[in-house]
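Accompanying notes for the structure given below.
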Amino acid sequence: MNIFDILGPVMVGPSSSHTAGAVRIGRIARRLLGEGTPVHAWIGLSGSFAATGRGHGTDRAIIAGLLGMQTDDERIASSFACAAQEGMAFTFESVKLTGEHPNTAKLILTARSGRTMEMVASSLGGGRIMVVELDGLRANFSGDLPTLIVQNMDQPGHVSDVTSMLAHKGINIATLQLSRDHPGGNAVMILEIDKAVPQEGIAWLARTEGIRRVTFVDAEPVEVQA
Amino acid sequence: MAIDSLAGLMQAGAERDLFDVILENDCRERGALREDSLARMRMLYAAIRRAGRGYDPALRSGSGMVGGDGARMRAHAASGKTICGEYIGSVIAQALEMGESNACMKCIVAAPTAGSCGVLPAVLLPYQQREGLDDETMVRAMYVSGMIGQIIARKASIAGASGGCQAEIGSASAMAAAALCYLAGGSAEAVCHAAAIAVKSLLGLVCDPIAGLVEVPCVKRNAAGAMIAMSSADMALAGIRSAVPPDEVIAAMREVGDKMDVSLKETGVGGVAGTPFGQSIAKKMSGKSE
C-alpha cells in the first residue's frame, strides 16, 4: 500500500467498500454499456451488500455510479431522485451469488437503444473494485487501467487481430484475459493496456468478421482539485 | 531503499527532516514526480478542511442512531463548563462532526478508513487554527501521518475486518499522534514513539459495529482516538519513550488482531453489536431492506 492508499479516497461515507466501492461498480457498468445513462437497471445485491447495504447507502451509491457520479459527489444520498429526473428506472433484489466475494453485485442494464449488458462486480475494500463477470463470461479487471474488451465468436485468429491492431498503434499490453462459454461459442478478450486506443482502431476491430462487439473504457483520472 | 519499519524511519529521519524523507520515499515507490505527489496531498488536505466546514447537525444516519452530537459538543466546548477545557472540547467536537458526516453520507477523507476519518482532522484542524499554521505546513504533517499508516498496514493491518478496531481507530490515532508530534517540533524518534504509545493505548480494541453499520460505536471512538493521539504526542514531546521498541508494538498489534475472535472483527455479531439493543437495531435494519 502506498501513502495515498492510506490517506484518501475523498468520498461520501459511510463505508469505503459499501459506499465508495459501490459507486465505482455503478460507474464501470455505465461505462461498459457505453450509451450514457441506462433506461433500466436491475441490480442484485449479494452477501454483505444485501445484509448491510441499505444502512450503508449501497443501493443509492450504485444508482449514483450508474448516473455517472464520482465517489465524492454529495448527490449520492439523493441519487434515487436524480434517477427519476434522468428517466432511469431501477429494481433491487437480494440474490445469492455463490463463490463470489462477500460484497458483490450483479447488474443487468438496458440502454436507450434496447441493448442489454450483464455484469457482476465485487468491492474488495478501500474503494477498490473488480469486475468478475461480463455478459455471462468470467472476467477479472478493475477499470483502473485503460481497458479494451472484445466479444467475439470462439474461432482462431481473433487474438491476433486484436494484438496486431495494438502493435500497429504502438500500444503496450499490461494484461490479457481470455474466456469462453464453450468451444466455438461466445468468447471475450479483456486487455488492460497502457494508453487509449484511437477510434479508428476500435472501428477496424468492430468491422472484423466474427467480432461481435468492441468496448473501450479509458482509465479513471486521479482527481487533483485545487 | 524503501522505508518499511519505524526503526528505518527513525534512522532516515535522524539527520534529515521527516517530510523530505517521506516525500522522496513516495516518489520512489510510485515512480511519481515530487510536484504531482505534493499536489495530491494538498488536494487531500483541502478536502479535509472542506469536510470540516460541511458538517450539518440536522442530518441523521441510515439507522437514525447517529447525528447532532457534534453540534452538542461544540456548544458545550464554548460554554465554559467543560472538564477538558475549550480547546480539547473543540477536538472532541471535530472528531464527532467528521464521524457523523461520514455516517450521514457527507463527503469525508478516509484516513486510513472511512470509519476512522475523524481522528486526524480532529487533532489537525484545531491545532492549525490555534497555532496559526499555513496549509503547506499541515501538508508536511500529512506525509508523516501517512507514512506511519503505511508501516502499520505493512506490518499489521488497517482493516477492522482483519485486525479489529485497533487497526482502524488505533492506526488513525498513531497517525494523528505522529503528525502532532512532528508539527510541535518533535524529533523523528519522538514521532515514532508517539505513534507506538498511541497503538499500545488502543491495543485489543474490537470492531463491533451495530448492524454492521459505521455508526455505533464508531463515531464516538473517533473522539477517543483523538484524545489518545494528543496525550501520546505530549508524552513523546516530554521525552517519554515507549519502553517496548515501536516496531515490536506494531508486531504485537498484529498478533492481537490474529487472535481476536471473528465475532469481534466487523461482523456485527459480538461486543456492543451483540447486546439486546444492538440486536434490536440489526433486526429493524434487516426488516427495512426486504
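Chain labels run A, B, ... following the order of the C-alpha cells; each chain numbers its residues from 1, and ligands are numbered from 1 in the order shown.
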- Query: If you count only C-alpha atoms, which residues fall within 7 Å of A:Asn186, apart from same-chain ones fewer than 4 positions away, as a ChimeraX atom specification?
  - Reply: /A:152-154,180-181
Would you write out those residues with C-alpha atoms, as a compact mmCIF listing (two decimals), in the first residue's frame?
```
# COMPACT_ATOMS: atom_id res chain seq x y z
CA ASN A 152 -16.17 -12.48 -30.42
CA MET A 153 -17.01 -15.92 -31.81
CA ASP A 154 -14.67 -18.54 -30.37
CA ARG A 180 -15.45 -18.56 -23.47
CA ASP A 181 -18.67 -20.38 -22.70
```
- Show me which bits of chain B are within 8 Å of chain A, counting only C-alpha atoms, as an NGL selection string. :B and (26 or 29-30 or 39-40 or 42-44 or 46-47 or 62-63 or 101-115 or 143 or 146-147 or 149-150 or 153-154 or 211-214 or 285-286 or 288-289)
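Using only C-alpha atoms for every distance, the candidate list A:Thr37, A:Ser46, A:Asn103, A:Thr98 yields A:Thr37 as the residue closest to A:Ala64.
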- Spatial neighbours of stretch 269-283 of chain B, 6 Å, only C-alpha atoms, chain gap at least 3 places, as JSON, numbers by chain: {"B": [208, 209, 210, 211, 263, 264, 286]}
Go ahead and save the picked residues with N, CA and C atoms, as a PDB file, in the first residue's frame.
```pdb
ATOM      1  N   ASP B 208     -16.914  -3.802  16.577  1.00  0.00           N
ATOM      2  CA  ASP B 208     -18.221  -4.393  16.908  1.00  0.00           C
ATOM      3  C   ASP B 208     -19.381  -3.498  16.499  1.00  0.00           C
ATOM      4  N   PRO B 209     -19.442  -3.116  15.228  1.00  0.00           N
ATOM      5  CA  PRO B 209     -20.456  -2.150  14.789  1.00  0.00           C
ATOM      6  C   PRO B 209     -21.872  -2.733  14.809  1.00  0.00           C
ATOM      7  N   ILE B 210     -22.788  -2.010  15.410  1.00  0.00           N
ATOM      8  CA  ILE B 210     -24.190  -2.448  15.474  1.00  0.00           C
ATOM      9  C   ILE B 210     -24.769  -2.534  14.066  1.00  0.00           C
ATOM     10  N   ALA B 211     -25.371  -3.673  13.766  1.00  0.00           N
ATOM     11  CA  ALA B 211     -25.976  -3.961  12.459  1.00  0.00           C
ATOM     12  C   ALA B 211     -24.948  -3.859  11.322  1.00  0.00           C
ATOM     13  N   SER B 263     -16.062 -12.896  15.693  1.00  0.00           N
ATOM     14  CA  SER B 263     -17.286 -12.163  16.055  1.00  0.00           C
ATOM     15  C   SER B 263     -16.978 -10.715  16.434  1.00  0.00           C
ATOM     16  N   LEU B 264     -15.700 -10.416  16.651  1.00  0.00           N
ATOM     17  CA  LEU B 264     -15.282  -9.071  17.061  1.00  0.00           C
ATOM     18  C   LEU B 264     -14.514  -8.347  15.962  1.00  0.00           C
ATOM     19  N   SER B 286     -32.670  -5.100   9.089  1.00  0.00           N
ATOM     20  CA  SER B 286     -32.840  -6.181   8.103  1.00  0.00           C
ATOM     21  C   SER B 286     -34.289  -6.204   7.622  1.00  0.00           C
TER      22      SER B 286
END
```
- Message: DSSP on the backbone: which residues in stretch 9-238 of chain B end up as alpha helix (DSSP H)? Give the answer as a PyMOL selection string.
- Response: chain B and resi 9-12+18-30+34-53+69-77+86-103+119-131+135-155+160-163+169-183+188-202+218-237
Just C-alpha atoms for this one: save the residues we selected as a short mmCIF file (atom, residue, chain, number, x, y, z; two decimals), in the first residue's frame.
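Writing the result to selection_13.cif gives the following:
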```cif
data_model
loop_
_atom_site.label_atom_id
_atom_site.label_comp_id
_atom_site.auth_asym_id
_atom_site.auth_seq_id
_atom_site.Cartn_x
_atom_site.Cartn_y
_atom_site.Cartn_z
CA LEU B 9 12.01 5.80 9.63
CA MET B 10 13.76 6.92 12.85
CA GLN B 11 17.13 6.23 11.24
CA ALA B 12 16.28 8.03 7.98
CA LEU B 18 10.94 13.57 8.07
CA PHE B 19 8.80 15.28 5.44
CA ASP B 20 11.68 15.27 2.90
CA VAL B 21 12.49 11.65 3.66
CA ILE B 22 8.86 10.54 3.26
CA LEU B 23 8.14 12.57 0.11
CA GLU B 24 11.24 11.06 -1.51
CA ASN B 25 10.12 7.61 -0.40
CA ASP B 26 6.70 8.13 -2.01
CA CYS B 27 8.18 9.38 -5.30
CA ARG B 28 10.46 6.34 -5.40
CA GLU B 29 7.73 3.83 -4.55
CA ARG B 30 5.16 5.09 -7.04
CA ARG B 34 7.58 15.43 -6.50
CA GLU B 35 5.13 18.12 -7.66
CA ASP B 36 2.44 15.53 -8.53
CA SER B 37 2.72 13.90 -5.12
CA LEU B 38 2.52 17.29 -3.38
CA ALA B 39 -0.47 18.37 -5.49
CA ARG B 40 -2.35 15.23 -4.49
CA MET B 41 -1.58 15.67 -0.78
CA ARG B 42 -2.62 19.35 -0.96
CA MET B 43 -5.90 18.24 -2.56
CA LEU B 44 -6.47 15.78 0.32
CA TYR B 45 -5.80 18.39 2.99
CA ALA B 46 -8.08 20.88 1.22
CA ALA B 47 -10.77 18.16 1.15
CA ILE B 48 -10.32 17.62 4.92
CA ARG B 49 -10.81 21.34 5.56
CA ARG B 50 -13.86 21.39 3.26
CA ALA B 51 -15.30 18.34 5.04
CA GLY B 52 -14.78 20.09 8.38
CA ARG B 53 -16.84 23.06 7.19
CA ASP B 69 -23.83 15.14 18.72
CA GLY B 70 -21.02 17.18 17.11
CA ALA B 71 -23.13 20.32 17.49
CA ARG B 72 -23.98 19.40 21.10
CA MET B 73 -20.29 19.01 21.91
CA ARG B 74 -19.38 22.20 20.02
CA ALA B 75 -21.87 24.18 22.14
CA HIS B 76 -20.61 22.54 25.35
CA ALA B 77 -16.99 23.35 24.44
CA GLU B 86 -12.38 24.70 25.40
CA TYR B 87 -9.54 23.51 23.16
CA ILE B 88 -9.89 19.80 23.91
CA GLY B 89 -13.65 20.28 23.76
CA SER B 90 -13.27 21.53 20.20
CA VAL B 91 -11.10 18.49 19.34
CA ILE B 92 -13.83 16.16 20.63
CA ALA B 93 -16.47 18.13 18.69
CA GLN B 94 -14.43 17.94 15.47
CA ALA B 95 -13.99 14.16 15.82
CA LEU B 96 -17.74 13.66 16.33
CA GLU B 97 -18.68 16.01 13.50
CA MET B 98 -16.47 14.23 10.98
CA GLY B 99 -17.63 10.78 12.11
CA GLU B 100 -21.25 11.90 11.86
CA SER B 101 -20.72 13.45 8.44
CA ASN B 102 -19.40 10.09 7.28
CA ALA B 103 -22.34 8.16 8.76
CA VAL B 119 -9.29 11.28 14.24
CA LEU B 120 -6.72 13.06 12.06
CA PRO B 121 -8.91 16.13 11.29
CA ALA B 122 -9.85 16.38 14.98
CA VAL B 123 -6.24 16.91 16.02
CA LEU B 124 -5.06 18.81 12.93
CA LEU B 125 -7.81 21.41 12.31
CA PRO B 126 -7.97 22.90 15.84
CA TYR B 127 -4.15 22.82 16.12
CA GLN B 128 -3.72 24.65 12.82
CA GLN B 129 -6.17 27.31 13.96
CA ARG B 130 -4.63 27.74 17.42
CA GLU B 131 -1.04 27.90 16.15
CA ASP B 135 -1.77 24.73 4.83
CA GLU B 136 1.68 23.90 3.45
CA THR B 137 2.92 23.09 6.96
CA MET B 138 -0.13 20.89 7.53
CA VAL B 139 0.55 19.07 4.24
CA ARG B 140 4.03 18.20 5.54
CA ALA B 141 2.44 16.67 8.64
CA MET B 142 0.03 14.70 6.41
CA TYR B 143 3.04 12.92 4.87
CA VAL B 144 4.27 11.99 8.35
CA SER B 145 0.86 10.58 9.31
CA GLY B 146 0.56 8.68 6.02
CA MET B 147 3.97 7.04 6.43
CA ILE B 148 3.04 5.78 9.91
CA GLY B 149 -0.18 4.32 8.42
CA GLN B 150 1.80 2.70 5.63
CA ILE B 151 4.16 0.97 8.05
CA ILE B 152 1.25 -0.27 10.19
CA ALA B 153 -0.58 -1.52 7.07
CA ARG B 154 2.53 -3.42 6.01
CA LYS B 155 3.37 -4.94 9.43
CA GLY B 160 -11.32 -3.74 11.06
CA ALA B 161 -12.32 -6.99 9.35
CA SER B 162 -8.79 -8.36 9.74
CA GLY B 163 -7.40 -6.58 12.82
CA ILE B 169 -9.01 3.85 15.30
CA GLY B 170 -5.68 2.58 16.69
CA SER B 171 -3.89 3.25 13.40
CA ALA B 172 -5.63 6.61 12.96
CA SER B 173 -4.62 7.61 16.49
CA ALA B 174 -0.98 6.63 15.85
CA MET B 175 -1.01 8.60 12.58
CA ALA B 176 -2.51 11.63 14.34
CA ALA B 177 -0.06 11.40 17.27
CA ALA B 178 2.87 11.32 14.84
CA ALA B 179 1.54 14.29 12.84
CA LEU B 180 1.04 16.39 16.01
CA CYS B 181 4.44 15.49 17.40
CA TYR B 182 6.06 16.46 14.08
CA LEU B 183 4.18 19.79 13.95
CA ALA B 188 11.90 11.50 14.26
CA GLU B 189 12.45 9.35 17.34
CA ALA B 190 9.76 11.23 19.28
CA VAL B 191 7.35 10.98 16.31
CA CYS B 192 7.71 7.19 16.10
CA HIS B 193 7.41 6.75 19.86
CA ALA B 194 4.27 8.94 19.90
CA ALA B 195 2.77 6.55 17.32
CA ALA B 196 3.82 3.48 19.33
CA ILE B 197 2.38 4.88 22.59
CA ALA B 198 -0.95 5.54 20.81
CA VAL B 199 -1.07 2.00 19.37
CA LYS B 200 -0.29 0.49 22.77
CA SER B 201 -3.08 2.54 24.35
CA LEU B 202 -5.66 1.11 21.95
CA CYS B 218 -17.51 4.05 15.55
CA VAL B 219 -18.32 7.77 15.71
CA LYS B 220 -17.50 8.25 19.41
CA ARG B 221 -14.35 6.15 19.13
CA ASN B 222 -13.01 8.84 16.81
CA ALA B 223 -13.07 11.21 19.80
CA ALA B 224 -11.26 8.62 21.93
CA GLY B 225 -8.63 8.11 19.22
CA ALA B 226 -8.04 11.86 19.01
CA MET B 227 -7.62 12.16 22.82
CA ILE B 228 -5.09 9.34 22.90
CA ALA B 229 -3.23 10.90 19.95
CA MET B 230 -2.85 14.14 21.91
CA SER B 231 -1.71 12.51 25.16
CA SER B 232 0.72 10.26 23.23
CA ALA B 233 2.20 13.21 21.33
CA ASP B 234 2.65 15.23 24.52
CA MET B 235 4.33 12.29 26.29
CA ALA B 236 6.75 11.85 23.39
CA LEU B 237 7.47 15.60 23.32
#
```
